[in-house]
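Next up, model.csv (CSV, C-alpha atoms):
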chain,number,residue,atom,x,y,z
Y,1,MET,CA,34.9,72.9,3.0
Y,2,THR,CA,38.0,75.0,2.6
Y,3,ASP,CA,39.7,75.2,-0.8
Y,4,ILE,CA,42.3,72.6,-1.8
Y,5,GLY,CA,45.0,75.2,-1.7
Y,6,GLN,CA,44.6,75.6,2.0
Y,7,LEU,CA,44.9,71.9,2.5
Y,8,ARG,CA,48.1,71.9,0.6
Y,9,LEU,CA,49.4,74.8,2.7
Y,10,ARG,CA,48.7,72.8,5.9
Y,11,ALA,CA,50.5,69.7,4.5
Y,12,GLN,CA,53.5,71.9,3.4
Y,13,THR,CA,53.6,73.5,6.8
Y,14,TYR,CA,53.7,70.1,8.5
Y,15,ALA,CA,56.5,68.9,6.2
Y,16,ALA,CA,58.5,72.1,6.9
Y,17,ILE,CA,58.1,71.7,10.7
Y,18,ARG,CA,59.1,68.1,10.6
Y,19,GLY,CA,62.1,69.0,8.5
Y,20,PHE,CA,63.1,71.8,10.9
Y,21,PHE,CA,63.2,69.5,13.9
Y,22,ASN,CA,64.8,66.6,12.1
Y,23,GLU,CA,67.7,68.9,11.2
Y,24,ARG,CA,68.0,69.7,14.9
Y,25,ASP,CA,67.7,66.2,16.1
Y,26,VAL,CA,64.5,66.7,18.1
Y,27,LEU,CA,62.5,63.5,18.3
Y,28,GLU,CA,58.9,63.4,17.2
Y,29,VAL,CA,56.6,61.5,19.6
Y,30,GLU,CA,53.0,60.7,20.1
Y,31,THR,CA,51.2,60.7,23.4
Y,32,PRO,CA,47.6,59.8,24.5
Y,33,ILE,CA,44.7,62.1,23.5
Y,34,LEU,CA,42.4,60.6,26.2
Y,35,SER,CA,43.7,60.8,29.8
Y,36,ALA,CA,42.4,60.0,33.3
Y,37,ALA,CA,43.6,63.5,34.3
Y,38,GLY,CA,42.4,66.8,32.9
Y,39,ASN,CA,43.6,70.4,32.7
Y,40,THR,CA,42.8,72.3,36.0
Y,41,ASP,CA,43.3,75.7,34.4
Y,42,PRO,CA,40.1,77.6,35.3
Y,43,ASN,CA,40.2,79.5,32.0
Y,44,ILE,CA,40.3,76.4,29.9
Y,45,GLN,CA,37.4,74.0,29.7
Y,46,SER,CA,37.9,70.3,28.7
Y,47,PHE,CA,35.8,67.8,26.9
Y,48,HIS,CA,35.4,64.5,28.7
Y,49,ALA,CA,34.1,61.0,27.7
Y,50,THR,CA,33.1,57.8,29.5
Y,51,PHE,CA,34.9,54.6,28.9
Y,52,SER,CA,32.6,51.6,28.9
Y,53,GLY,CA,35.1,48.7,28.9
Y,54,HIS,CA,36.5,46.6,31.7
Y,55,VAL,CA,37.1,48.4,35.0
Y,56,ASP,CA,40.7,47.0,35.2
Y,57,ALA,CA,41.5,49.4,32.4
Y,58,GLY,CA,41.4,52.3,34.8
Y,59,ALA,CA,39.2,55.4,35.4
Y,60,ARG,CA,36.0,55.4,33.4
Y,61,GLU,CA,35.9,59.2,33.1
Y,62,ARG,CA,38.5,60.3,30.5
Y,63,TRP,CA,39.5,63.8,29.4
Y,64,LEU,CA,40.4,64.9,25.9
Y,65,ARG,CA,43.7,66.7,26.1
Y,66,THR,CA,43.9,70.5,25.8
Y,67,SER,CA,47.6,70.1,25.1
Y,68,PRO,CA,50.1,67.2,25.1
Y,69,GLU,CA,52.1,69.0,27.9
Y,70,PHE,CA,51.6,66.5,30.8
Y,71,PRO,CA,52.5,63.3,29.0
Y,72,LEU,CA,55.4,65.0,27.2
Y,73,LYS,CA,56.8,66.0,30.6
Y,74,ARG,CA,56.5,62.4,31.8
Y,75,LEU,CA,58.6,61.4,28.8
Y,76,LEU,CA,61.2,64.1,29.6
Y,77,ALA,CA,61.3,62.7,33.2
Y,78,ALA,CA,61.9,59.3,31.7
Y,79,GLY,CA,64.9,60.6,29.8
Y,80,VAL,CA,63.6,60.9,26.2
Y,81,GLY,CA,65.5,64.2,25.7
Y,82,ASP,CA,64.5,66.9,23.2
Y,83,CYS,CA,61.1,66.1,21.7
Y,84,TYR,CA,58.1,67.4,20.0
Y,85,GLU,CA,54.5,66.4,19.2
Y,86,LEU,CA,52.3,67.7,16.4
Y,87,GLY,CA,48.7,66.6,17.0
Y,88,ARG,CA,45.1,67.4,17.7
Y,89,VAL,CA,43.9,69.0,20.9
Y,90,PHE,CA,40.4,70.0,22.2
Y,91,ARG,CA,39.0,72.9,24.2
Y,92,ASN,CA,35.3,73.0,25.0
Y,93,GLY,CA,33.3,76.2,24.4
Y,94,GLU,CA,35.9,77.8,22.1
Y,95,ALA,CA,34.1,78.2,18.8
Y,96,GLY,CA,33.9,81.3,16.6
Y,97,GLY,CA,35.6,83.2,13.9
Y,98,ARG,CA,39.0,82.6,15.3
Y,99,HIS,CA,38.6,79.5,17.5
Y,100,ASN,CA,37.6,75.9,16.8
Y,101,PRO,CA,37.0,73.4,19.6
Y,102,GLU,CA,39.3,70.9,17.8
Y,103,PHE,CA,42.6,72.2,16.5
Y,104,THR,CA,46.3,71.3,16.0
Y,105,MET,CA,49.1,72.1,18.4
Y,106,LEU,CA,52.8,71.9,18.0
Y,107,GLU,CA,54.5,71.5,21.3
Y,108,TRP,CA,58.3,71.0,21.9
Y,109,TYR,CA,60.8,70.8,24.7
Y,110,ARG,CA,64.5,71.6,24.9
Y,111,VAL,CA,66.5,70.1,27.7
Y,112,GLY,CA,69.0,72.4,29.4
Y,113,TRP,CA,67.5,75.5,27.8
Y,114,ASP,CA,65.7,78.5,29.3
Y,115,HIS,CA,62.7,80.4,27.9
Y,116,ASN,CA,64.9,83.1,26.3
Y,117,ARG,CA,66.9,80.6,24.3
Y,118,LEU,CA,63.7,78.8,23.2
Y,119,ALA,CA,62.1,82.0,22.1
Y,120,ARG,CA,65.0,82.4,19.7
Y,121,GLU,CA,64.3,79.0,18.3
Y,122,VAL,CA,60.6,80.0,17.8
Y,123,ILE,CA,61.8,82.9,15.8
Y,124,ASP,CA,64.0,80.6,13.7
Y,125,LEU,CA,61.0,78.4,13.0
Y,126,LEU,CA,58.7,81.3,12.2
Y,127,GLU,CA,61.3,82.8,9.9
Y,128,ARG,CA,61.5,79.5,7.9
Y,129,LEU,CA,57.7,79.3,7.6
Y,130,LEU,CA,57.0,82.9,6.9
Y,131,LEU,CA,59.8,83.3,4.3
Y,132,GLY,CA,58.7,80.1,2.7
Y,133,ALA,CA,55.3,81.7,2.2
Y,134,GLY,CA,56.8,84.8,0.7
Y,135,ARG,CA,56.3,86.9,3.8
Y,136,THR,CA,58.9,89.5,5.1
Y,137,PHE,CA,58.8,90.7,8.6
Y,138,GLU,CA,60.7,92.5,11.4
Y,139,ILE,CA,61.4,91.1,14.9
Y,140,VAL,CA,60.7,93.0,18.0
Y,141,GLU,CA,61.6,91.6,21.5
Y,142,THR,CA,60.3,93.2,24.7
Y,143,THR,CA,59.2,92.4,28.2
Y,144,TYR,CA,55.6,92.4,29.4
Y,145,ARG,CA,56.3,95.4,31.6
Y,146,GLY,CA,58.0,97.2,28.7
Y,147,LEU,CA,55.2,96.5,26.3
Y,148,PHE,CA,52.5,98.0,28.6
Y,149,HIS,CA,54.7,101.0,29.4
Y,150,ASP,CA,55.5,101.8,25.8
Y,151,ALA,CA,51.9,101.3,24.5
Y,152,LEU,CA,49.8,102.6,27.4
Y,153,GLY,CA,52.1,104.3,29.9
Y,154,VAL,CA,51.1,101.9,32.7
Y,155,ASP,CA,53.2,99.7,34.9
Y,156,ALA,CA,51.8,96.2,34.4
Y,157,LEU,CA,53.6,94.8,37.4
Y,158,LEU,CA,52.9,97.5,40.0
Y,159,ASP,CA,50.1,99.9,39.1
Y,160,PRO,CA,46.8,99.4,41.0
Y,161,ILE,CA,43.7,98.2,39.2
Y,162,GLU,CA,42.2,101.7,39.1
Y,163,VAL,CA,45.1,102.8,36.9
Y,164,LEU,CA,44.9,99.7,34.7
Y,165,LYS,CA,41.2,100.5,34.1
Y,166,LYS,CA,41.7,104.0,32.7
Y,167,PRO,CA,42.7,103.0,29.1
Y,168,LEU,CA,39.5,100.9,28.9
Y,169,ALA,CA,37.2,103.7,30.2
Y,170,ASP,CA,35.4,103.9,26.9
Y,171,ALA,CA,35.1,100.2,26.3
Y,172,ASN,CA,31.9,99.7,28.3
Y,173,ILE,CA,33.3,96.7,30.2
Y,174,SER,CA,31.5,95.4,33.3
Y,175,SER,CA,34.1,95.2,36.2
Y,176,GLU,CA,32.1,92.8,38.2
Y,177,GLY,CA,34.3,89.8,39.3
Y,178,LEU,CA,37.3,91.1,37.3
Y,179,GLU,CA,40.7,90.7,39.0
Y,180,ARG,CA,44.0,92.4,38.2
Y,181,ASP,CA,45.1,89.8,35.7
Y,182,ASP,CA,41.7,90.1,33.9
Y,183,TRP,CA,42.3,93.8,33.4
Y,184,LEU,CA,45.8,93.2,32.1
Y,185,ASP,CA,44.4,90.6,29.7
Y,186,LEU,CA,41.8,93.1,28.5
Y,187,LEU,CA,44.4,95.8,28.0
Y,188,LEU,CA,46.5,93.4,26.0
Y,189,THR,CA,43.7,92.0,23.8
Y,190,HIS,CA,41.7,95.3,23.3
Y,191,ARG,CA,44.4,98.0,23.3
Y,192,ILE,CA,47.8,96.6,22.6
Y,193,GLN,CA,47.6,93.4,20.5
Y,194,PRO,CA,45.3,94.9,17.7
Y,195,GLU,CA,48.0,97.6,17.1
Y,196,PHE,CA,50.8,95.1,16.3
Y,197,PRO,CA,51.9,95.6,12.7
Y,198,ARG,CA,51.0,92.8,10.3
Y,199,ASP,CA,54.5,92.1,9.2
Y,200,ARG,CA,56.1,91.9,12.7
Y,201,VAL,CA,57.0,89.0,14.9
Y,202,THR,CA,56.7,90.2,18.5
Y,203,ILE,CA,58.3,88.3,21.4
Y,204,VAL,CA,57.0,89.3,24.9
Y,205,SER,CA,58.8,87.8,27.9
Y,206,GLU,CA,58.9,88.0,31.7
Y,207,PHE,CA,55.2,87.9,32.6
Y,208,PRO,CA,53.7,88.8,36.0
Y,209,ALA,CA,54.3,86.1,38.5
Y,210,SER,CA,50.5,85.7,38.9
Y,211,GLN,CA,50.4,84.5,35.3
Y,212,CYS,CA,53.1,81.8,35.7
Y,213,ALA,CA,50.9,78.8,34.7
Y,214,LEU,CA,53.5,76.0,34.6
Y,215,ALA,CA,56.5,78.3,34.4
Y,216,ARG,CA,59.2,79.0,37.0
Y,217,ILE,CA,59.1,82.3,38.9
Y,218,ARG,CA,62.2,84.3,39.1
Y,219,LYS,CA,62.7,86.0,42.5
Y,220,SER,CA,63.4,89.4,41.1
Y,221,ASP,CA,61.9,92.7,42.4
Y,222,PRO,CA,59.1,92.4,41.6
Y,223,PRO,CA,59.1,88.6,40.8
Y,224,VAL,CA,58.3,87.6,37.2
Y,225,ALA,CA,57.3,84.4,35.5
Y,226,GLU,CA,60.0,83.0,33.1
Y,227,ARG,CA,57.5,82.8,30.3
Y,228,PHE,CA,57.2,84.3,26.8
Y,229,GLU,CA,54.6,84.7,24.1
Y,230,ALA,CA,55.1,85.0,20.3
Y,231,TYR,CA,52.9,87.1,18.1
Y,232,VAL,CA,52.8,87.3,14.3
Y,233,GLY,CA,51.0,90.5,13.5
Y,234,LYS,CA,48.1,90.7,15.9
Y,235,TYR,CA,47.8,87.0,16.5
Y,236,GLU,CA,49.4,85.2,19.4
Y,237,VAL,CA,50.8,82.0,18.0
Y,238,ALA,CA,53.0,80.5,20.7
Y,239,ASN,CA,53.3,80.4,24.5
Y,240,GLY,CA,56.5,79.1,26.2
Y,241,TYR,CA,57.9,78.5,29.7
Y,242,HIS,CA,61.1,77.8,31.5
Y,243,GLU,CA,59.4,74.8,32.9
Y,244,LEU,CA,58.7,74.3,36.6
Y,245,ASN,CA,60.0,70.9,37.8
Y,246,ASP,CA,59.0,71.1,41.4
Y,247,ALA,CA,56.2,68.7,42.2
Y,248,ALA,CA,55.2,70.2,45.5
Y,249,GLU,CA,54.9,73.7,43.9
Y,250,GLN,CA,53.0,72.3,40.9
Y,251,ARG,CA,50.5,70.5,43.2
Y,252,VAL,CA,49.9,73.9,45.0
Y,253,ARG,CA,49.1,75.5,41.6
Y,254,PHE,CA,46.8,72.7,40.6
Y,255,GLU,CA,45.0,72.9,43.9
Y,256,ARG,CA,44.7,76.7,43.5
Y,257,ASP,CA,43.2,76.2,40.0
Y,258,ASN,CA,40.5,73.9,41.4
Y,259,ALA,CA,39.8,76.3,44.2
Y,260,LYS,CA,39.1,79.0,41.6
Y,261,ARG,CA,36.9,76.6,39.8
Y,262,ARG,CA,34.9,76.0,42.9
Y,263,GLU,CA,34.5,79.7,43.5
Y,264,ARG,CA,33.1,80.1,40.0
Y,265,GLY,CA,30.7,77.2,40.4
Y,266,ASP,CA,32.6,75.0,38.0
Y,267,ALA,CA,33.4,71.3,38.5
Y,268,GLU,CA,36.9,70.4,39.7
Y,269,VAL,CA,39.1,68.6,37.3
Y,270,PRO,CA,41.3,65.6,38.5
Y,271,MET,CA,45.0,66.5,38.8
Y,272,ASP,CA,47.5,64.5,36.9
Y,273,GLU,CA,49.0,62.4,39.7
Y,274,ARG,CA,51.2,60.5,37.2
Y,275,LEU,CA,52.9,63.8,36.2
Y,276,LEU,CA,53.3,64.9,39.8
Y,277,ALA,CA,54.9,61.6,40.7
Y,278,VAL,CA,57.8,62.2,38.3
Y,279,LEU,CA,58.0,66.0,37.9
Y,280,ASP,CA,60.9,66.3,40.3
Y,281,ASP,CA,62.8,64.0,37.9
Y,282,MET,CA,62.2,66.1,34.9
Y,283,PRO,CA,65.4,67.8,33.8
Y,284,ASP,CA,65.8,71.6,33.5
Y,285,CYS,CA,64.1,72.5,30.3
Y,286,ALA,CA,62.0,74.9,28.3
Y,287,GLY,CA,58.9,74.1,26.4
Y,288,VAL,CA,56.5,75.9,24.0
Y,289,ALA,CA,53.2,75.3,22.4
Y,290,LEU,CA,52.3,76.8,19.0
Y,291,GLY,CA,48.8,76.9,17.5
Y,292,ILE,CA,48.9,75.6,14.0
Y,293,GLU,CA,45.6,77.1,12.9
Y,294,ARG,CA,46.7,80.6,14.1
Y,295,LEU,CA,49.9,80.2,12.1
Y,296,LEU,CA,48.1,79.0,9.0
Y,297,MET,CA,45.8,82.0,9.3
Y,298,VAL,CA,48.8,84.3,9.2
Y,299,LEU,CA,50.4,82.4,6.2
Y,300,ALA,CA,47.1,82.5,4.3
Y,301,ASP,CA,46.4,86.1,5.3
Y,302,THR,CA,42.9,85.5,6.6
Y,303,ASP,CA,41.1,86.4,9.8
Y,304,ALA,CA,38.7,83.4,9.6
Y,305,ILE,CA,39.8,80.1,11.1
Y,306,ALA,CA,37.3,78.3,8.9
Y,307,ASP,CA,39.4,79.2,5.9
Y,308,VAL,CA,42.2,76.9,7.1
Y,309,LEU,CA,40.1,74.0,8.3
Y,310,ALA,CA,38.9,71.1,6.1
Y,311,PHE,CA,35.6,71.3,8.0
Y,312,PRO,CA,34.9,73.8,10.9
Y,313,PHE,CA,33.1,72.7,14.0
Y,314,SER,CA,29.7,73.7,12.6
Y,315,GLN,CA,30.2,71.3,9.6
Y,316,ALA,CA,32.0,68.5,11.4

Write out the structure in this file as structure tokens.
Amino acid sequence: MTDIGQLRLRAQTYAAIRGFFNERDVLEVETPILSAAGNTDPNIQSFHATFSGHVDAGARERWLRTSPEFPLKRLLAAGVGDCYELGRVFRNGEAGGRHNPEFTMLEWYRVGWDHNRLAREVIDLLERLLLGAGRTFEIVETTYRGLFHDALGVDALLDPIEVLKKPLADANISSEGLERDDWLDLLLTHRIQPEFPRDRVTIVSEFPASQCALARIRKSDPPVAERFEAYVGKYEVANGYHELNDAAEQRVRFERDNAKRRERGDAEVPMDERLLAVLDDMPDCAGVALGIERLLMVLADTDAIADVLAFPFSQA
């Protein structure tokens, strides 16, 4: 069990988050944890459960959410306006010194905003929480392309894989099955991210179009995803999008995810048809998810996720 001081830090952080959004008139909501649809992302594995009640209740196979994104977007399509949820999410297979299969996520949406404006609000929230914990920091904003150029001298959007491999030549990494985005991710996590200063908030925006996830793609040259990530020190704490609200395009992306799952020999995951049915009605908005445990690790100045959990997965 973690020490009582860490439990108090979590409670204080929750109170500060709720106060922040209350001041800004952003509505707190709760959405289902169990769903008939899952997350198709081939890099995220979901837990699932079997419902034993009456068949009229719907699908027996249910999925524990990996984020509240899909039901929150259904609420946005229904006209709820600016909203947030602070609650538990679940990801199978993610257990270790910095990961726990059950963790807390803060996710919020701003109607009429793009990802750049939302990134500034993320900075505002982090500033309140970090300063409240006695932490000082600087803010650095850059693009994905600029980050890779400045750190490694490579063009993350245009250079071929052979060039991207070079900074990892001494890392003894097997290249079998690795694609371009895999190499970019390895460069970020092995060469760039560990060098971020402890007392710095780094905002990275304009990701490769191939890493769009649920973000819009801007038709620039080359095209980029309207997406950002926020880091405090070496830890990624938040991931935000200028949200896609095109149901046909979203269906294509879900189908592409499941095709990738089939290629890897993994089971397909049912698409969220309820989301697709209303996505065209969702207003122009930006959304972001922030990992509470990562943030608490920063506030507590620890590299072990177990230090900020009442009971880690191994003791649950």

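For the residues Y:Val163, Y:Leu279, Y:Leu157, Y:Val237, ranking by smallest atom-to-atom distance to Y:Pro223 using all atoms listed in the file places Y:Leu157 first.
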
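Distances from Y:Gly79, Y:Asn100, Y:Ser35, Y:Pro197 to Y:Gln315 were compared using all atoms listed in the file, and the smallest one belongs to Y:Asn100.
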
**Message:** With distances taken over only C-alpha atoms, which residue among Y:Ile305, Y:Val140, Y:Leu64, Y:Leu72 lies nearest Y:Tyr109?
**Reply:** Y:Leu72

**Request:** Find the residue from Y:Val55, Y:Ala238, Y:Leu130, Y:Ile192 that sits nearest to Y:Ala16; use only C-alpha atoms when measuring.
**Result:**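 Using only C-alpha atoms, Y:Ala16 sits closest to Y:Leu130.
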
**Message:** Just to confirm, what's the straight-line distance from atom CA of Y:Cys212 to atom CA of Y:Ala225 in Å (one decimal)?
**Reply:**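 According to the coordinates, atom CA of Y:Cys212 and atom CA of Y:Ala225 are separated by 4.9 Å.
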
Quick one: which stretch 27-115 of chain Y residues come within 9 Å of stretch 253-271 of chain Y, and what is the nearest atom pair for each with the distance in Å to one decimal, counting all atoms listed in the file, rows ordered by chain and ascending number, as a Markdown table?
| residue | atom | partner | partner_atom | distance |
| --- | --- | --- | --- | --- |
| Y:Ala36 | CA | Y:Pro270 | CA | 7.7 |
| Y:Ala37 | CA | Y:Pro270 | CA | 5.2 |
| Y:Gly38 | CA | Y:Val269 | CA | 5.8 |
| Y:Asn39 | CA | Y:Val269 | CA | 6.7 |
| Y:Thr40 | CA | Y:Val269 | CA | 5.4 |
| Y:Asp41 | CA | Y:Asp257 | CA | 5.6 |
| Y:Pro42 | CA | Y:Arg261 | CA | 5.6 |
| Y:Asn43 | CA | Y:Arg261 | CA | 9.0 |
| Y:Ser46 | CA | Y:Val269 | CA | 8.8 |

**Straight-line distance linking atom CA of Y:Ala95 with atom CA of Y:Leu295, stated in Å to one decimal** = 17.3 Å

**Prompt:** Using all atoms listed in the file, can you list as a list in words the residues within 10 Å of (43.5, 68.0, 27.5)?
**Reply:**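 Residues with an atom close enough to that point: Pro32, Ile33, Leu34, Ser35, Ala36, Ala37, Gly38, Asn39, Thr40, Ile44, Gln45, Ser46, Phe47, His48, Arg62, Trp63, Leu64, Arg65, Thr66, Ser67, Pro68, Glu69, Phe70, Arg88, Val89, Phe90, Arg91 and Asn92 of chain Y.
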
**Prompt:** With distances taken over all atoms listed in the file, which of Y:Ala171, Y:Ala119, Y:Ala300, Y:Ile292 is nearest to Y:Phe103?
**Reply:**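 Closest residue, counting all atoms listed in the file: Y:Ile292.
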
**Selected residue of minimal separation from Y:Met282 among Y:Pro167, Y:Gly97, Y:Gly132, Y:Pro71, counting only C-alpha atoms** =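 Smallest separation from Y:Met282 among the options: Y:Pro71.
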
**Prompt:** Got a sec: who's within 12 Å of Y:Gly287, counting all atoms listed in the file, leaving out chain neighbours fewer than 2 positions off, as a ChimeraX atom specification?
**Reply:** /Y:68-70,72-73,76,81-85,106-119,121-122,214-216,226-229,238-245,283-285,289-290

**Item:** atom CA of Y:Ser174 to atom CA of Y:Gly146, straight-line distance in Å
**Value:**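 Interatomic distance, atom CA of Y:Gly146 to atom CA of Y:Ser174: 27.0 Å.
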
Write out as a tab-separated table (two decimals) with C-alpha atoms, in the coordinates of the input each polymer residue whose atoms come within 12 Å of Y:Glu179, counting all atoms listed in the file; drop sequence neighbours fewer than 3 positions from it.
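Below you can see out-v8.tsv, which holds the result:
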chain	number	residue	atom	x	y	z
Y	160	PRO	CA	46.80	99.40	41.00
Y	161	ILE	CA	43.70	98.20	39.20
Y	162	GLU	CA	42.20	101.70	39.10
Y	164	LEU	CA	44.90	99.70	34.70
Y	165	LYS	CA	41.20	100.50	34.10
Y	174	SER	CA	31.50	95.40	33.30
Y	175	SER	CA	34.10	95.20	36.20
Y	176	GLU	CA	32.10	92.80	38.20
Y	182	ASP	CA	41.70	90.10	33.90
Y	183	TRP	CA	42.30	93.80	33.40
Y	184	LEU	CA	45.80	93.20	32.10
Y	185	ASP	CA	44.40	90.60	29.70
Y	186	LEU	CA	41.80	93.10	28.50
Y	210	SER	CA	50.50	85.70	38.90

**Prompt:** Near Y:Ala316, within 12 Å and counting all atoms listed in the file, which residues show up once chain neighbours fewer than 2 positions away are dropped, as a PyMOL selection string?
**Reply:** chain Y and resi 1+100-102+306+309-314

Within 8 Å of (58.9, 90.6, 19.6), only C-alpha atoms: residues as a compact mmCIF listing (two decimals) with C-alpha atoms, in the coordinates of the input?
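The resulting file, out.txt, is shown below:
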# COMPACT_ATOMS: atom_id res chain seq x y z
CA ILE Y 139 61.40 91.10 14.90
CA VAL Y 140 60.70 93.00 18.00
CA GLU Y 141 61.60 91.60 21.50
CA THR Y 142 60.30 93.20 24.70
CA ARG Y 200 56.10 91.90 12.70
CA VAL Y 201 57.00 89.00 14.90
CA THR Y 202 56.70 90.20 18.50
CA ILE Y 203 58.30 88.30 21.40
CA VAL Y 204 57.00 89.30 24.90
CA ALA Y 230 55.10 85.00 20.30
CA TYR Y 231 52.90 87.10 18.10

For stretch 239-253 of chain Y, which lacks atoms in the input, supply N, CA and C atoms and format the output as a tab-separated table (two decimals), in the coordinates of the input.
chain	number	residue	atom	x	y	z
Y	239	ASN	N	53.24	80.11	23.09
Y	239	ASN	CA	53.30	80.40	24.50
Y	239	ASN	C	54.36	79.45	25.12
Y	240	GLY	N	55.44	79.99	25.69
Y	240	GLY	CA	56.50	79.10	26.20
Y	240	GLY	C	56.93	79.43	27.59
Y	241	TYR	N	57.53	78.42	28.25
Y	241	TYR	CA	57.90	78.50	29.70
Y	241	TYR	C	59.35	77.99	29.86
Y	242	HIS	N	60.04	78.55	30.84
Y	242	HIS	CA	61.10	77.80	31.50
Y	242	HIS	C	60.41	76.97	32.52
Y	243	GLU	N	60.38	75.67	32.27
Y	243	GLU	CA	59.40	74.80	32.90
Y	243	GLU	C	59.68	74.55	34.40
Y	244	LEU	N	58.62	74.63	35.18
Y	244	LEU	CA	58.70	74.30	36.60
Y	244	LEU	C	58.88	72.76	36.71
Y	245	ASN	N	59.84	72.33	37.54
Y	245	ASN	CA	60.00	70.90	37.80
Y	245	ASN	C	60.04	70.61	39.29
Y	246	ASP	N	59.16	71.28	39.99
Y	246	ASP	CA	59.00	71.10	41.40
Y	246	ASP	C	57.59	70.60	41.69
Y	247	ALA	N	57.48	69.32	42.02
Y	247	ALA	CA	56.20	68.70	42.20
Y	247	ALA	C	55.33	69.30	43.26
Y	248	ALA	N	55.95	69.66	44.37
Y	248	ALA	CA	55.20	70.20	45.50
Y	248	ALA	C	54.58	71.58	45.07
Y	249	GLU	N	55.37	72.41	44.40
Y	249	GLU	CA	54.90	73.70	43.90
Y	249	GLU	C	53.79	73.51	42.87
Y	250	GLN	N	53.99	72.53	41.97
Y	250	GLN	CA	53.00	72.30	40.90
Y	250	GLN	C	51.68	71.81	41.53
Y	251	ARG	N	51.74	71.00	42.57
Y	251	ARG	CA	50.50	70.50	43.20
Y	251	ARG	C	49.76	71.74	43.82
Y	252	VAL	N	50.50	72.66	44.44
Y	252	VAL	CA	49.90	73.90	45.00
Y	252	VAL	C	49.14	74.64	43.89
Y	253	ARG	N	49.77	74.74	42.73
Y	253	ARG	CA	49.10	75.50	41.60
Y	253	ARG	C	47.91	74.76	41.12
